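Raw contents of coords06.txt, compact mmCIF, C-alpha atoms:
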```
# COMPACT_ATOMS: atom_id res chain seq x y z
CA MET A 1 -16.99 -21.05 16.98
CA ASP A 2 -14.07 -20.69 19.42
CA ALA A 3 -11.68 -22.05 16.78
CA GLU A 4 -12.91 -19.41 14.30
CA LEU A 5 -12.36 -16.63 16.84
CA CYS A 6 -8.90 -17.94 17.65
CA GLU A 7 -7.99 -18.09 13.94
CA HIS A 8 -9.33 -14.53 13.42
CA ASP A 9 -7.23 -13.31 16.37
CA GLN A 10 -4.12 -14.98 14.91
CA VAL A 11 -4.71 -13.41 11.50
CA SER A 12 -5.25 -10.00 13.13
CA ALA A 13 -2.08 -10.36 15.18
CA ARG A 14 -0.06 -11.36 12.09
CA ARG A 15 -1.45 -8.39 10.18
CA GLU A 16 -0.61 -6.04 13.06
CA ASP A 17 2.95 -7.42 13.14
CA LEU A 18 3.23 -7.05 9.37
CA VAL A 19 1.98 -3.45 9.47
CA ALA A 20 4.24 -2.53 12.39
CA GLY A 21 7.23 -4.18 10.71
CA TRP A 22 6.60 -2.39 7.40
CA TRP A 23 6.47 1.00 9.09
CA GLU A 24 9.56 0.19 11.20
CA TYR A 25 11.43 -0.71 8.00
CA HIS A 26 10.67 2.71 6.55
CA ARG A 27 11.57 4.47 9.80
CA LEU A 28 14.94 2.72 9.78
CA ALA A 29 15.44 3.39 6.06
CA ASP A 30 15.17 7.10 6.87
CA GLY A 31 17.16 6.76 10.08
CA ALA A 32 20.76 7.07 11.10
CA ARG A 33 23.55 5.64 8.99
CA ASP A 34 23.99 2.56 11.19
CA GLU A 35 20.24 1.81 10.92
CA ARG A 36 20.35 2.06 7.12
CA GLU A 37 23.47 -0.10 6.94
CA ALA A 38 21.82 -2.76 9.11
CA LEU A 39 18.85 -2.86 6.73
CA GLU A 40 21.22 -3.34 3.80
CA VAL A 41 22.45 -6.58 5.37
CA GLY A 42 18.95 -7.72 6.32
CA GLU A 43 18.77 -6.66 9.96
CA PRO A 44 16.53 -6.62 11.88
CA ALA A 45 15.36 -9.75 10.07
CA GLU A 46 11.71 -9.53 11.13
CA VAL A 47 11.46 -5.94 9.89
CA VAL A 48 13.02 -6.77 6.53
CA ALA A 49 10.76 -9.83 6.28
CA ALA A 50 7.66 -7.67 6.90
CA LYS A 51 8.61 -5.27 4.11
CA GLU A 52 9.36 -8.14 1.73
CA ARG A 53 6.07 -9.87 2.63
CA VAL A 54 4.07 -6.72 1.83
CA ASP A 55 5.94 -6.45 -1.48
CA SER A 56 5.16 -10.07 -2.35
CA LEU A 57 1.48 -9.74 -1.44
CA VAL A 58 1.22 -6.64 -3.63
CA ALA A 59 2.90 -8.51 -6.49
CA VAL A 60 0.30 -11.28 -6.24
CA GLY A 61 -2.53 -8.73 -6.17
CA GLY A 62 -6.17 -9.43 -5.57
CA PRO A 63 -8.78 -7.58 -3.54
CA THR A 64 -7.60 -9.02 -0.21
CA VAL A 65 -4.34 -7.03 -0.39
CA LEU A 66 -6.43 -3.83 -0.31
CA SER A 67 -7.31 -4.54 3.33
CA LEU A 68 -3.61 -4.77 4.14
CA LEU A 69 -2.86 -1.50 2.35
CA GLU A 70 -5.74 0.16 4.17
CA ALA A 71 -4.29 -1.10 7.48
CA LEU A 72 -0.91 0.38 6.50
CA ILE A 73 -2.55 3.71 5.68
CA ASP A 74 -4.51 3.75 8.93
CA ALA A 75 -1.37 2.98 10.94
CA ASP A 76 0.75 5.74 9.35
CA PRO A 77 2.87 7.09 12.22
CA THR A 78 4.32 9.91 10.11
CA GLY A 79 1.23 12.08 9.91
CA GLY A 80 1.42 11.77 6.13
CA ARG A 81 -2.04 10.17 5.90
CA GLY A 82 -0.76 7.27 3.82
CA ALA A 83 1.39 9.21 1.35
CA LEU A 84 4.23 6.68 1.62
CA VAL A 85 1.79 3.80 1.07
CA GLY A 86 0.28 5.59 -1.93
CA ALA A 87 3.64 6.27 -3.55
CA GLY A 88 4.87 2.76 -2.73
CA PRO A 89 2.85 -0.43 -2.50
CA LEU A 90 -0.46 1.10 -3.62
CA GLU A 91 1.18 2.52 -6.74
CA ASN A 92 2.86 -0.84 -7.40
CA LEU A 93 -0.46 -2.64 -7.00
CA ILE A 94 -2.17 -0.32 -9.47
CA HIS A 95 0.67 -0.65 -11.99
CA GLU A 96 0.46 -4.44 -11.85
CA HIS A 97 -3.23 -5.08 -11.17
CA GLY A 98 -5.06 -1.76 -11.60
CA ASP A 99 -7.24 -2.92 -14.47
CA ALA A 100 -8.61 -5.80 -12.39
CA LEU A 101 -8.91 -3.81 -9.15
CA ALA A 102 -10.14 -0.41 -10.36
CA GLN A 103 -13.69 -0.87 -9.08
CA ASP A 104 -12.49 -2.14 -5.68
CA LEU A 105 -10.07 0.78 -5.41
CA VAL A 106 -12.83 3.30 -6.13
CA ILE A 107 -15.09 1.69 -3.51
CA ARG A 108 -12.30 1.94 -0.90
CA ALA A 109 -11.61 5.55 -1.85
CA ARG A 110 -15.29 6.45 -1.44
CA GLN A 111 -15.42 4.76 1.96
CA SER A 112 -12.13 6.04 3.34
CA PRO A 113 -10.81 9.61 3.04
CA ALA A 114 -7.37 8.33 4.08
CA PHE A 115 -7.38 5.73 1.28
CA ALA A 116 -8.49 8.43 -1.18
CA HIS A 117 -5.64 10.65 0.03
CA ALA A 118 -3.13 7.82 -0.46
CA LEU A 119 -4.44 7.29 -4.00
CA SER A 120 -3.57 10.89 -4.79
CA TYR A 121 0.12 9.94 -4.48
CA VAL A 122 -0.07 7.25 -7.16
CA TRP A 123 1.74 8.12 -10.39
CA LEU A 124 0.67 6.43 -13.62
CA GLU A 125 2.01 7.01 -17.07
CA THR A 126 -0.35 7.68 -19.95
CA GLY A 127 -1.74 4.36 -21.11
CA GLY A 128 -0.79 2.65 -17.83
CA LEU A 129 -4.32 1.30 -17.51
CA HIS A 130 -7.05 0.29 -19.91
CA ALA A 131 -9.39 3.18 -20.68
CA ASP A 132 -12.22 1.87 -18.45
CA ALA A 133 -9.98 1.47 -15.41
CA GLY A 134 -8.27 4.80 -16.06
CA ALA A 135 -11.62 6.58 -16.25
CA GLN A 136 -12.74 5.03 -12.96
CA LEU A 137 -9.55 5.96 -11.12
CA SER A 138 -8.74 9.35 -12.64
CA PRO A 139 -10.90 11.36 -10.19
CA TRP A 140 -8.86 9.91 -7.31
CA LEU A 141 -5.40 10.43 -8.76
CA LYS A 142 -3.66 13.76 -8.40
CA PRO A 143 -3.20 15.27 -11.86
CA ASP A 144 0.25 16.22 -13.04
CA GLU A 145 0.96 19.81 -14.09
CA ASN A 146 1.34 18.42 -17.61
CA SER A 147 -2.27 17.10 -17.45
CA ARG A 148 -1.49 13.45 -17.18
CA SER A 149 -4.01 10.96 -18.50
CA VAL A 150 -4.23 7.52 -16.95
CA GLY A 151 -6.38 5.79 -19.54
```
Output the structure of this file as structure tokens.
Amino acid sequence: MDAELCEHDQVSARREDLVAGWWEYHRLADGARDEREALEVGEPAEVVAAKERVDSLVAVGGPTVLSLLEALIDADPTGGRGALVGAGPLENLIHEHGDALAQDLVIRARQSPAFAHALSYVWLETGGLHADAGAQLSPWLKPDENSRSVG
């Protein structure tokens, strides 16, 4: 039992570091010129690694990455209620794995107003998802002025 608790604490600490690093990357990317230039050459390394790790987890997909995205949304220091997550890794996840994850995404959106808000920043082209997945997700996605269809 103690080993399980220790492992859970380690996973939680790694996730917290990953979330903090991802947000720090985006703060620096919007920061002063010297901060942006440092990012371009991979510094600070742990911050760049956190952003790249999130990108790679999103590329792999699967329902477990939704917990990470929800942690990113919940930790949003900008007051944007997850808008940057929605327009970034959440949108990428849906583009790559939306058909497989549509039901899980809808469940998260129903359970979390912040997750639902982040979903409203996802942009999908017409035909970007199979019709079933598009129909499930369309109530959560913000419609375009040109009445975008996601199915």
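Across the model, the gap from CA of Glu96 (chain A) to CA of His130 (chain A) is 12.0 Å.
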Identify the residues within 7 Å of coordinate (5.8, 9.3, -8.6) (same frame as the file), considering all atoms listed in the file, and give the answer as a PDB file with C-alpha atoms, in the frame of the given file.
```pdb
ATOM      1  CA  ALA A  87       3.640   6.270  -3.550  1.00  0.00           C
ATOM      2  CA  VAL A 122      -0.070   7.250  -7.160  1.00  0.00           C
ATOM      3  CA  TRP A 123       1.740   8.120 -10.390  1.00  0.00           C
TER       4      TRP A 123
END
```
Near Leu69 (chain A), counting only C-alpha atoms, which residues have an atom at most 9 Å away, once you skip same-chain residues fewer than 5 positions from it, shown as a VMD selection string? chain A and resid 19 54 58 74 85 to 86 89 to 90 115
If I take CA of Thr126 (chain A) and CA of Asp104 (chain A), how far is one from the other in Å, to one decimal? 21.2 Å
Using all atoms listed in the file, which residue out of A:Gly31, A:Pro139, A:Gly82, A:Pro44 lies closest to Glu70 (chain A)? A:Gly82
